[in-house]
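**Q** Following this line is work.cif, made up of mmCIF, C-alpha atoms:
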```
data_data
loop_
_atom_site.group_PDB
_atom_site.id
_atom_site.type_symbol
_atom_site.label_atom_id
_atom_site.label_comp_id
_atom_site.auth_asym_id
_atom_site.auth_seq_id
_atom_site.Cartn_x
_atom_site.Cartn_y
_atom_site.Cartn_z
ATOM 1 C CA LEU Q 1348 -16.020 -8.847 1.486
ATOM 2 C CA PRO Q 1349 -17.273 -7.180 4.687
ATOM 3 C CA TRP Q 1350 -19.169 -3.935 4.232
ATOM 4 C CA ASP Q 1351 -16.412 -1.937 5.953
ATOM 5 C CA TYR Q 1352 -13.560 -3.305 3.796
ATOM 6 C CA LEU Q 1353 -12.926 -0.079 1.897
ATOM 7 C CA PRO Q 1354 -13.214 2.478 4.740
ATOM 8 C CA HIS Q 1355 -11.208 0.175 6.985
ATOM 9 C CA LEU Q 1356 -8.316 0.016 4.527
ATOM 10 C CA LEU Q 1357 -8.454 3.754 3.946
ATOM 11 C CA ALA Q 1358 -8.218 4.289 7.694
ATOM 12 C CA ILE Q 1359 -5.054 2.192 8.073
ATOM 13 C CA THR Q 1360 -3.189 3.184 4.887
ATOM 14 C CA ILE Q 1361 -3.451 6.977 5.125
ATOM 15 C CA THR Q 1362 -1.339 8.826 7.677
ATOM 16 C CA ILE Q 1363 -3.100 9.433 10.988
ATOM 17 C CA PRO Q 1364 -2.806 13.274 10.859
ATOM 18 C CA ALA Q 1365 -4.452 13.242 7.422
ATOM 19 C CA ILE Q 1366 -7.308 11.117 8.753
ATOM 20 C CA ILE Q 1367 -7.866 13.489 11.688
ATOM 21 C CA LEU Q 1368 -7.858 16.515 9.377
ATOM 22 C CA PHE Q 1369 -10.292 14.777 7.019
ATOM 23 C CA ILE Q 1370 -12.750 14.081 9.844
ATOM 24 C CA LEU Q 1371 -12.526 17.652 11.141
ATOM 25 C CA GLY Q 1372 -12.919 19.138 7.674
ATOM 26 C CA LEU Q 1373 -15.846 16.868 6.847
ATOM 27 C CA PHE Q 1374 -17.744 17.754 10.010
ATOM 28 C CA ALA Q 1375 -17.056 21.432 9.429
ATOM 29 C CA ARG Q 1376 -18.605 21.198 5.980
ATOM 30 C CA ILE Q 1377 -21.555 19.156 7.247
ATOM 31 C CA LYS Q 1378 -22.259 21.957 9.711
ATOM 32 C CA LEU Q 1379 -22.181 24.505 6.873
ATOM 33 C CA LEU Q 1380 -24.505 22.274 4.863
ATOM 34 C CA LEU Q 1381 -26.983 22.130 7.741
ATOM 35 C CA ASP Q 1382 -26.723 25.901 8.050
ATOM 36 C CA ARG Q 1383 -27.241 26.171 4.269
ATOM 37 C CA HIS Q 1384 -23.881 27.851 3.742
ATOM 38 C CA SER Q 1385 -22.149 25.134 1.741
ATOM 39 C CA ASN Q 1386 -20.800 25.754 -1.757
ATOM 40 C CA LYS Q 1387 -20.867 23.729 -4.963
ATOM 41 C CA SER Q 1388 -17.302 22.484 -4.504
ATOM 42 C CA ASP Q 1389 -18.244 20.917 -1.174
ATOM 43 C CA LEU Q 1390 -21.226 19.163 -2.712
ATOM 44 C CA VAL Q 1391 -19.226 17.894 -5.679
ATOM 45 C CA MET Q 1392 -16.516 16.503 -3.404
ATOM 46 C CA ALA Q 1393 -19.071 14.931 -1.080
ATOM 47 C CA VAL Q 1394 -20.762 13.173 -4.012
ATOM 48 C CA TRP Q 1395 -17.353 12.142 -5.398
ATOM 49 C CA LEU Q 1396 -16.521 10.483 -2.077
ATOM 50 C CA PHE Q 1397 -19.772 9.102 -0.718
ATOM 51 C CA VAL Q 1398 -21.481 7.753 -3.834
ATOM 52 C CA PRO Q 1399 -18.693 5.187 -4.434
ATOM 53 C CA LEU Q 1400 -18.643 4.347 -0.720
ATOM 54 C CA LEU Q 1401 -22.397 3.746 -0.714
ATOM 55 C CA TYR Q 1402 -22.014 1.590 -3.815
ATOM 56 C CA VAL Q 1403 -19.452 -0.550 -1.963
ATOM 57 C CA PHE Q 1404 -21.616 -0.773 1.166
ATOM 58 C CA ILE Q 1405 -24.722 -1.845 -0.760
ATOM 59 C CA PHE Q 1406 -23.430 -4.016 -3.619
ATOM 60 C CA HIS Q 1407 -20.166 -5.449 -2.211
ATOM 61 C CA PRO Q 1408 -18.279 -5.393 -5.530
ATOM 62 C CA SER Q 1409 -15.218 -7.544 -6.076
ATOM 63 C CA MET Q 1410 -12.009 -5.884 -4.885
ATOM 64 C CA TYR Q 1411 -8.449 -7.071 -4.497
ATOM 65 C CA ASP Q 1412 -4.942 -5.648 -4.035
ATOM 66 C CA ASN Q 1413 -6.330 -3.457 -1.271
ATOM 67 C CA TYR Q 1414 -8.418 -0.595 -2.741
ATOM 68 C CA ARG Q 1415 -6.706 -0.138 -6.102
ATOM 69 C CA HIS Q 1416 -10.125 -0.112 -7.823
ATOM 70 C CA PHE Q 1417 -11.269 2.873 -5.771
ATOM 71 C CA ILE Q 1418 -8.099 4.913 -5.512
ATOM 72 C CA PHE Q 1419 -9.912 7.718 -7.363
ATOM 73 C CA ILE Q 1420 -11.785 8.609 -4.150
ATOM 74 C CA ILE Q 1421 -8.555 9.779 -2.478
ATOM 75 C CA PRO Q 1422 -8.721 13.416 -3.795
ATOM 76 C CA PRO Q 1423 -11.936 14.341 -1.933
ATOM 77 C CA LEU Q 1424 -10.469 12.925 1.273
ATOM 78 C CA PHE Q 1425 -7.623 15.411 1.016
ATOM 79 C CA TYR Q 1426 -9.991 18.171 -0.070
ATOM 80 C CA PHE Q 1427 -11.788 17.955 3.276
ATOM 81 C CA ALA Q 1428 -8.461 17.555 5.095
ATOM 82 C CA GLY Q 1429 -7.302 20.750 3.383
ATOM 83 C CA ILE Q 1430 -10.349 22.609 4.656
ATOM 84 C CA ALA Q 1431 -9.401 21.781 8.251
ATOM 85 C CA LEU Q 1432 -5.766 22.676 7.582
ATOM 86 C CA GLN Q 1433 -6.804 26.040 6.153
ATOM 87 C CA PHE Q 1434 -8.948 26.733 9.228
ATOM 88 C CA PHE Q 1435 -6.002 26.167 11.557
ATOM 89 C CA PHE Q 1436 -3.707 28.246 9.351
ATOM 90 C CA GLU Q 1437 -6.103 31.173 9.662
ATOM 91 C CA LYS Q 1438 -6.088 30.870 13.465
ATOM 92 C CA PHE Q 1439 -2.429 30.056 14.129
ATOM 93 C CA SER Q 1440 0.675 32.195 14.130
ATOM 94 C CA TRP Q 1441 3.377 31.431 11.583
ATOM 95 C CA LEU Q 1442 5.343 29.428 14.159
ATOM 96 C CA LEU Q 1443 2.356 27.252 14.994
ATOM 97 C CA GLN Q 1444 1.683 26.866 11.282
ATOM 98 C CA ILE Q 1445 5.172 25.445 10.796
ATOM 99 C CA CYS Q 1446 4.659 23.072 13.732
ATOM 100 C CA LEU Q 1447 1.332 21.933 12.289
ATOM 101 C CA VAL Q 1448 2.865 21.258 8.869
ATOM 102 C CA LEU Q 1449 5.604 19.193 10.503
ATOM 103 C CA VAL Q 1450 3.060 17.185 12.505
ATOM 104 C CA VAL Q 1451 1.063 16.502 9.333
ATOM 105 C CA LEU Q 1452 3.999 15.638 7.078
ATOM 106 C CA LEU Q 1453 6.458 13.800 9.315
ATOM 107 C CA PRO Q 1454 4.571 10.471 9.583
ATOM 108 C CA GLY Q 1455 4.448 10.219 5.795
ATOM 109 C CA ILE Q 1456 8.060 11.278 5.363
ATOM 110 C CA PHE Q 1457 9.178 8.820 8.038
ATOM 111 C CA GLY Q 1458 7.187 6.053 6.356
ATOM 112 C CA ILE Q 1459 8.734 6.840 2.966
ATOM 113 C CA VAL Q 1460 12.264 6.728 4.364
ATOM 114 C CA LYS Q 1461 11.663 3.626 6.460
ATOM 115 C CA ILE Q 1462 10.255 1.346 3.751
ATOM 116 C CA HIS Q 1463 11.737 2.842 0.567
ATOM 117 C CA PRO Q 1464 11.385 1.721 -2.222
ATOM 118 C CA TYR Q 1465 8.200 -0.071 -1.120
ATOM 119 C CA GLU Q 1466 6.195 3.008 -0.182
ATOM 120 C CA TYR Q 1467 3.017 1.582 -1.664
ATOM 121 C CA SER Q 1468 3.119 -1.008 1.151
ATOM 122 C CA TYR Q 1469 2.667 1.738 3.780
ATOM 123 C CA TYR Q 1470 0.360 1.135 6.741
ATOM 124 C CA ASN Q 1471 -0.070 3.577 9.617
ATOM 125 C CA GLN Q 1472 0.405 2.933 13.311
ATOM 126 C CA LEU Q 1473 -3.234 1.949 13.842
ATOM 127 C CA VAL Q 1474 -2.070 -1.525 12.789
ATOM 128 C CA GLY Q 1475 1.575 -1.169 13.751
ATOM 129 C CA GLY Q 1476 2.971 -0.076 10.391
ATOM 130 C CA LEU Q 1477 4.204 -2.492 7.739
ATOM 131 C CA SER Q 1478 5.484 -4.955 10.332
ATOM 132 C CA GLY Q 1479 2.063 -5.087 11.979
ATOM 133 C CA ALA Q 1480 0.185 -5.346 8.695
ATOM 134 C CA ALA Q 1481 2.219 -8.216 7.225
ATOM 135 C CA GLY Q 1482 0.321 -11.464 7.534
ATOM 136 C CA ASN Q 1483 -2.982 -9.677 8.110
ATOM 137 C CA TYR Q 1484 -3.176 -7.417 5.038
ATOM 138 C CA GLU Q 1485 -1.719 -7.339 1.537
ATOM 139 C CA VAL Q 1486 1.665 -5.632 1.539
ATOM 140 C CA ASP Q 1487 3.895 -6.232 -1.507
ATOM 141 C CA TYR Q 1488 1.022 -7.512 -3.635
ATOM 142 C CA TRP Q 1489 2.625 -6.418 -6.926
ATOM 143 C CA LEU Q 1490 5.781 -8.416 -6.094
ATOM 144 C CA THR Q 1491 8.096 -5.452 -6.505
ATOM 145 C CA CYS Q 1492 10.597 -7.201 -4.215
ATOM 146 C CA TYR Q 1493 11.431 -9.520 -7.123
ATOM 147 C CA LYS Q 1494 13.633 -6.760 -8.553
ATOM 148 C CA ASP Q 1495 15.886 -6.562 -5.493
ATOM 149 C CA LEU Q 1496 15.928 -10.329 -5.097
ATOM 150 C CA THR Q 1497 16.878 -10.900 -8.728
ATOM 151 C CA GLU Q 1498 19.626 -8.298 -8.615
ATOM 152 C CA GLN Q 1499 21.124 -10.028 -5.574
ATOM 153 C CA VAL Q 1500 21.223 -13.267 -7.541
ATOM 154 C CA ASN Q 1501 22.713 -11.536 -10.595
ATOM 155 C CA VAL Q 1502 25.595 -10.180 -8.540
ATOM 156 C CA ARG Q 1503 26.397 -13.141 -6.299
ATOM 157 C CA GLU Q 1504 25.775 -16.117 -8.554
ATOM 158 C CA LYS Q 1505 28.705 -16.858 -10.870
ATOM 159 C CA THR Q 1506 27.314 -19.922 -12.652
ATOM 160 C CA THR Q 1507 24.141 -20.885 -14.463
ATOM 161 C CA ARG Q 1508 21.268 -21.916 -12.198
ATOM 162 C CA ASP Q 1509 17.638 -22.807 -12.712
ATOM 163 C CA ILE Q 1510 15.217 -20.396 -11.031
ATOM 164 C CA PHE Q 1511 11.665 -21.460 -10.224
ATOM 165 C CA VAL Q 1512 9.361 -18.528 -9.511
ATOM 166 C CA SER Q 1513 6.108 -18.626 -7.557
ATOM 167 C CA PHE Q 1514 3.816 -16.037 -9.155
ATOM 168 C CA LEU Q 1515 4.614 -14.138 -12.337
ATOM 169 C CA PRO Q 1516 8.037 -15.395 -13.474
ATOM 170 C CA GLY Q 1517 7.974 -12.718 -16.168
ATOM 171 C CA LEU Q 1518 8.805 -10.128 -13.508
ATOM 172 C CA VAL Q 1519 11.991 -11.989 -12.625
ATOM 173 C CA ASN Q 1520 12.807 -12.574 -16.282
ATOM 174 C CA TYR Q 1521 12.757 -8.804 -16.830
ATOM 175 C CA TYR Q 1522 15.714 -8.320 -14.446
ATOM 176 C CA ALA Q 1523 17.520 -11.671 -14.553
ATOM 177 C CA ASP Q 1524 20.787 -12.222 -16.415
ATOM 178 C CA GLU Q 1525 20.481 -14.355 -19.533
ATOM 179 C CA ARG Q 1526 22.568 -17.133 -17.988
ATOM 180 C CA PHE Q 1527 19.670 -18.143 -15.709
ATOM 181 C CA HIS Q 1528 16.873 -20.468 -16.798
ATOM 182 C CA LEU Q 1529 13.493 -19.362 -15.453
ATOM 183 C CA TYR Q 1530 10.470 -21.574 -14.816
ATOM 184 C CA LYS Q 1531 7.117 -21.142 -13.136
ATOM 185 C CA ALA Q 1532 7.103 -22.967 -9.804
ATOM 186 C CA ASN Q 1533 4.372 -25.601 -10.039
ATOM 187 C CA ASP Q 1534 5.889 -28.700 -8.411
ATOM 188 C CA PRO Q 1535 6.154 -29.676 -4.739
ATOM 189 C CA SER Q 1536 9.861 -30.454 -5.131
ATOM 190 C CA TYR Q 1537 12.654 -28.883 -7.167
ATOM 191 C CA PRO Q 1538 16.012 -30.066 -8.551
ATOM 192 C CA GLU Q 1539 19.004 -29.817 -6.261
ATOM 193 C CA GLY Q 1540 21.050 -26.697 -6.920
ATOM 194 C CA SER Q 1541 18.124 -24.663 -8.252
ATOM 195 C CA LEU Q 1542 16.680 -21.491 -6.736
ATOM 196 C CA LEU Q 1543 13.052 -21.029 -5.696
ATOM 197 C CA PHE Q 1544 11.617 -17.493 -5.437
ATOM 198 C CA LEU Q 1545 8.856 -17.164 -2.823
ATOM 199 C CA PRO Q 1546 6.968 -13.865 -2.185
ATOM 200 C CA ILE Q 1547 5.116 -12.864 0.965
ATOM 201 C CA ARG Q 1548 1.881 -12.769 -1.006
ATOM 202 C CA ARG Q 1549 -0.461 -15.569 0.085
ATOM 203 C CA GLY Q 1550 2.111 -16.557 2.697
ATOM 204 C CA TYR Q 1551 4.483 -18.140 0.212
ATOM 205 C CA THR Q 1552 7.594 -17.124 2.175
ATOM 206 C CA SER Q 1553 6.576 -19.611 4.874
ATOM 207 C CA LEU Q 1554 6.522 -22.545 2.454
ATOM 208 C CA PHE Q 1555 9.342 -25.087 2.237
ATOM 209 C CA PRO Q 1556 10.922 -24.379 5.643
ATOM 210 C CA GLU Q 1557 13.281 -27.278 4.991
ATOM 211 C CA TYR Q 1558 15.017 -25.328 2.197
ATOM 212 C CA PRO Q 1559 17.933 -23.023 3.134
ATOM 213 C CA VAL Q 1560 17.401 -19.299 2.475
ATOM 214 C CA GLU Q 1561 20.197 -17.944 0.292
ATOM 215 C CA TYR Q 1562 18.696 -14.551 -0.610
ATOM 216 C CA SER Q 1563 15.966 -12.396 0.859
ATOM 217 C CA VAL Q 1564 14.491 -8.902 0.745
ATOM 218 C CA VAL Q 1565 13.697 -7.581 4.236
ATOM 219 C CA VAL Q 1566 11.906 -4.273 4.887
ATOM 220 C CA ASP Q 1567 11.005 -3.042 8.380
ATOM 221 C CA GLY Q 1568 11.835 -6.510 9.709
ATOM 222 C CA ILE Q 1569 9.440 -8.202 7.266
ATOM 223 C CA LYS Q 1570 10.698 -10.632 4.656
ATOM 224 C CA LEU Q 1571 8.946 -9.579 1.450
ATOM 225 C CA CYS Q 1572 10.440 -12.402 -0.594
ATOM 226 C CA ASN Q 1573 13.223 -14.972 -0.465
#
```
Take the structure in the file and give it back as structure tokens.
**A**
Amino acid sequence: LPWDYLPHLLAITITIPAIILFILGLFARIKLLLDRHSNKSDLVMAVWLFVPLLYVFIFHPSMYDNYRHFIFIIPPLFYFAGIALQFFFEKFSWLLQICLVLVVLLPGIFGIVKIHPYEYSYYNQLVGGLSGAAGNYEVDYWLTCYKDLTEQVNVREKTTRDIFVSFLPGLVNYYADERFHLYKANDPSYPEGSLLFLPIRRGYTSLFPEYPVEYSVVVDGIKLCN
């Protein structure tokens, strides 16, 4: 992986106001450190954040599913963001404080509403949101769209059908009615009348363009699975 894999993903999966506050808070604390006015909490949080980052930069450890292996470094990011937020609160009137809170929270709230229940697939506007990230970054890498897709099939299918699942058929089996027969999709062709579940992960939704699409899960204009 490139050396900037982790900071790059952090920069495009955290809301932009939070990133700006983090940078401001970090530089404010660096200035205090240079002036020898920093406290132990600042040092602990700095170590918590930068030691793992340095480890990634130097040793390039294996990572996948975005930065799930380093999600524990998120708290110090918001610690430094909180420092900047506190600074502005001390300077602003109550009306400006309310405006600042709205500016900070609205991108996250809008993202939650827009792509619910796939909030973990959030990307900020530096890459164009979920629609801009799809095809370039992992989005629904845990295949949570299988739930919605399977429930569509449960409701609309009235007879027994074979279902072939690309990636983790056990997820579909958890939600599927007992009348369906589930198989792992391993073959290049499938029996007529069967269903084939294809997720966006690894570009599977673009496979088999000759097959008609009977069901799909679309979020923010992106087909997560069909």
**Q** Let me make sure I understand: among Q:Lys1378, Q:Arg1548, Q:Arg1508, Q:Arg1526, which one has the smallest atom-to-atom distance to Q:Cys1492 if we use only C-alpha atoms?
**A** Q:Arg1548
**Q** Just checking: using only C-alpha atoms, which residue out of Q:Leu1401, Q:Val1566, Q:Met1392, Q:Leu1380 ends up closest to Q:Asp1351?
**A**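 Selected residue with least distance to Q:Asp1351: Q:Leu1401.
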**Q** List as a ChimeraX atom specification the residues having at least one atom at most 10 Å from position (-19.2, -5.5, 3.3) as given in the file, counting all atoms listed in the file.
**A** /Q:1348-1353,1403-1408
**Q** Would you put the residues from that selection into a file with C-alpha atoms, as a CSV table (one decimal), keeping the file's coordinate frame?
**A**
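Final output, saved to part.csv:
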```csv
chain,number,residue,atom,x,y,z
Q,1348,LEU,CA,-16.0,-8.8,1.5
Q,1349,PRO,CA,-17.3,-7.2,4.7
Q,1350,TRP,CA,-19.2,-3.9,4.2
Q,1351,ASP,CA,-16.4,-1.9,6.0
Q,1352,TYR,CA,-13.6,-3.3,3.8
Q,1353,LEU,CA,-12.9,-0.1,1.9
Q,1403,VAL,CA,-19.5,-0.6,-2.0
Q,1404,PHE,CA,-21.6,-0.8,1.2
Q,1405,ILE,CA,-24.7,-1.8,-0.8
Q,1406,PHE,CA,-23.4,-4.0,-3.6
Q,1407,HIS,CA,-20.2,-5.4,-2.2
Q,1408,PRO,CA,-18.3,-5.4,-5.5
```
**Q** What would the selection look like, as a ChimeraX atom specification, if the PyMOL selection byres ((chain Q and resi 1540) around 12) were run on the coordinates I just shared?
**A** /Q:1504,1506-1511,1536-1539,1541-1543,1558-1559,1561
**Q** I need the output of the PyMOL selection byres ((chain Q and resi 1429) around 12) for this file as a ChimeraX atom specification; which residues are they?
**A** /Q:1364-1373,1375-1376,1389,1422-1428,1430-1436,1448,1451
**Q** Export, as a compact mmCIF listing (two decimals), in the frame of the given file, the selected residues with C-alpha atoms.
**A**
```txt
# COMPACT_ATOMS: atom_id res chain seq x y z
CA PRO Q 1364 -2.81 13.27 10.86
CA ALA Q 1365 -4.45 13.24 7.42
CA ILE Q 1366 -7.31 11.12 8.75
CA ILE Q 1367 -7.87 13.49 11.69
CA LEU Q 1368 -7.86 16.52 9.38
CA PHE Q 1369 -10.29 14.78 7.02
CA ILE Q 1370 -12.75 14.08 9.84
CA LEU Q 1371 -12.53 17.65 11.14
CA GLY Q 1372 -12.92 19.14 7.67
CA LEU Q 1373 -15.85 16.87 6.85
CA ALA Q 1375 -17.06 21.43 9.43
CA ARG Q 1376 -18.60 21.20 5.98
CA ASP Q 1389 -18.24 20.92 -1.17
CA PRO Q 1422 -8.72 13.42 -3.80
CA PRO Q 1423 -11.94 14.34 -1.93
CA LEU Q 1424 -10.47 12.92 1.27
CA PHE Q 1425 -7.62 15.41 1.02
CA TYR Q 1426 -9.99 18.17 -0.07
CA PHE Q 1427 -11.79 17.95 3.28
CA ALA Q 1428 -8.46 17.56 5.10
CA ILE Q 1430 -10.35 22.61 4.66
CA ALA Q 1431 -9.40 21.78 8.25
CA LEU Q 1432 -5.77 22.68 7.58
CA GLN Q 1433 -6.80 26.04 6.15
CA PHE Q 1434 -8.95 26.73 9.23
CA PHE Q 1435 -6.00 26.17 11.56
CA PHE Q 1436 -3.71 28.25 9.35
CA VAL Q 1448 2.86 21.26 8.87
CA VAL Q 1451 1.06 16.50 9.33
```
**Q** Mind filling out stretch 1448-1467 of chain Q with N, CA, C and O atoms and sending it as a CSV table (one decimal), in the coordinates of the input?
**A**
```csv
chain,number,residue,atom,x,y,z
Q,1448,VAL,N,2.4,21.9,10.1
Q,1448,VAL,CA,2.9,21.3,8.9
Q,1448,VAL,C,3.8,20.1,9.2
Q,1448,VAL,O,3.7,19.0,8.6
Q,1449,LEU,N,4.7,20.3,10.1
Q,1449,LEU,CA,5.6,19.2,10.5
Q,1449,LEU,C,4.8,18.0,11.1
Q,1449,LEU,O,5.1,16.8,10.7
Q,1450,VAL,N,3.9,18.3,11.9
Q,1450,VAL,CA,3.1,17.2,12.5
Q,1450,VAL,C,2.3,16.4,11.4
Q,1450,VAL,O,2.2,15.2,11.5
Q,1451,VAL,N,1.8,17.1,10.4
Q,1451,VAL,CA,1.1,16.5,9.3
Q,1451,VAL,C,2.0,15.7,8.4
Q,1451,VAL,O,1.6,14.6,8.0
Q,1452,LEU,N,3.1,16.2,8.1
Q,1452,LEU,CA,4.0,15.6,7.1
Q,1452,LEU,C,4.9,14.6,7.6
Q,1452,LEU,O,5.3,13.6,6.9
Q,1453,LEU,N,5.4,14.7,8.8
Q,1453,LEU,CA,6.5,13.8,9.3
Q,1453,LEU,C,6.1,12.3,9.3
Q,1453,LEU,O,6.9,11.5,8.9
Q,1454,PRO,N,4.9,11.9,9.7
Q,1454,PRO,CA,4.6,10.5,9.6
Q,1454,PRO,C,4.7,9.9,8.2
Q,1454,PRO,O,5.2,8.8,8.0
Q,1455,GLY,N,4.3,10.7,7.2
Q,1455,GLY,CA,4.4,10.2,5.8
Q,1455,GLY,C,5.9,10.2,5.4
Q,1455,GLY,O,6.3,9.2,4.7
Q,1456,ILE,N,6.6,11.2,5.7
Q,1456,ILE,CA,8.1,11.3,5.4
Q,1456,ILE,C,8.8,10.1,6.0
Q,1456,ILE,O,9.6,9.4,5.4
Q,1457,PHE,N,8.5,9.9,7.3
Q,1457,PHE,CA,9.2,8.8,8.0
Q,1457,PHE,C,8.8,7.5,7.4
Q,1457,PHE,O,9.7,6.6,7.2
Q,1458,GLY,N,7.6,7.3,7.0
Q,1458,GLY,CA,7.2,6.1,6.4
Q,1458,GLY,C,7.9,5.8,5.0
Q,1458,GLY,O,8.3,4.7,4.7
Q,1459,ILE,N,8.1,6.9,4.3
Q,1459,ILE,CA,8.7,6.8,3.0
Q,1459,ILE,C,10.2,6.4,3.2
Q,1459,ILE,O,10.7,5.5,2.5
Q,1460,VAL,N,10.9,7.0,4.1
Q,1460,VAL,CA,12.3,6.7,4.4
Q,1460,VAL,C,12.4,5.3,4.9
Q,1460,VAL,O,13.3,4.6,4.5
Q,1461,LYS,N,11.5,4.9,5.8
Q,1461,LYS,CA,11.7,3.6,6.5
Q,1461,LYS,C,11.5,2.4,5.5
Q,1461,LYS,O,12.2,1.4,5.7
Q,1462,ILE,N,10.5,2.5,4.6
Q,1462,ILE,CA,10.3,1.3,3.8
Q,1462,ILE,C,10.6,1.6,2.3
Q,1462,ILE,O,10.2,0.7,1.4
Q,1463,HIS,N,11.3,2.6,2.0
Q,1463,HIS,CA,11.7,2.8,0.6
Q,1463,HIS,C,12.5,1.6,0.0
Q,1463,HIS,O,13.3,1.1,0.8
Q,1464,PRO,N,12.3,1.2,-1.2
Q,1464,PRO,CA,11.4,1.7,-2.2
Q,1464,PRO,C,10.0,1.0,-2.3
Q,1464,PRO,O,9.4,0.9,-3.4
Q,1465,TYR,N,9.5,0.6,-1.1
Q,1465,TYR,CA,8.2,-0.1,-1.1
Q,1465,TYR,C,7.1,0.8,-0.5
Q,1465,TYR,O,6.3,0.3,0.3
Q,1466,GLU,N,7.1,2.1,-0.8
Q,1466,GLU,CA,6.2,3.0,-0.2
Q,1466,GLU,C,4.7,2.6,-0.4
Q,1466,GLU,O,3.9,2.9,0.5
Q,1467,TYR,N,4.4,1.9,-1.4
Q,1467,TYR,CA,3.0,1.6,-1.7
Q,1467,TYR,C,2.5,0.5,-0.7
Q,1467,TYR,O,1.3,0.3,-0.6
```
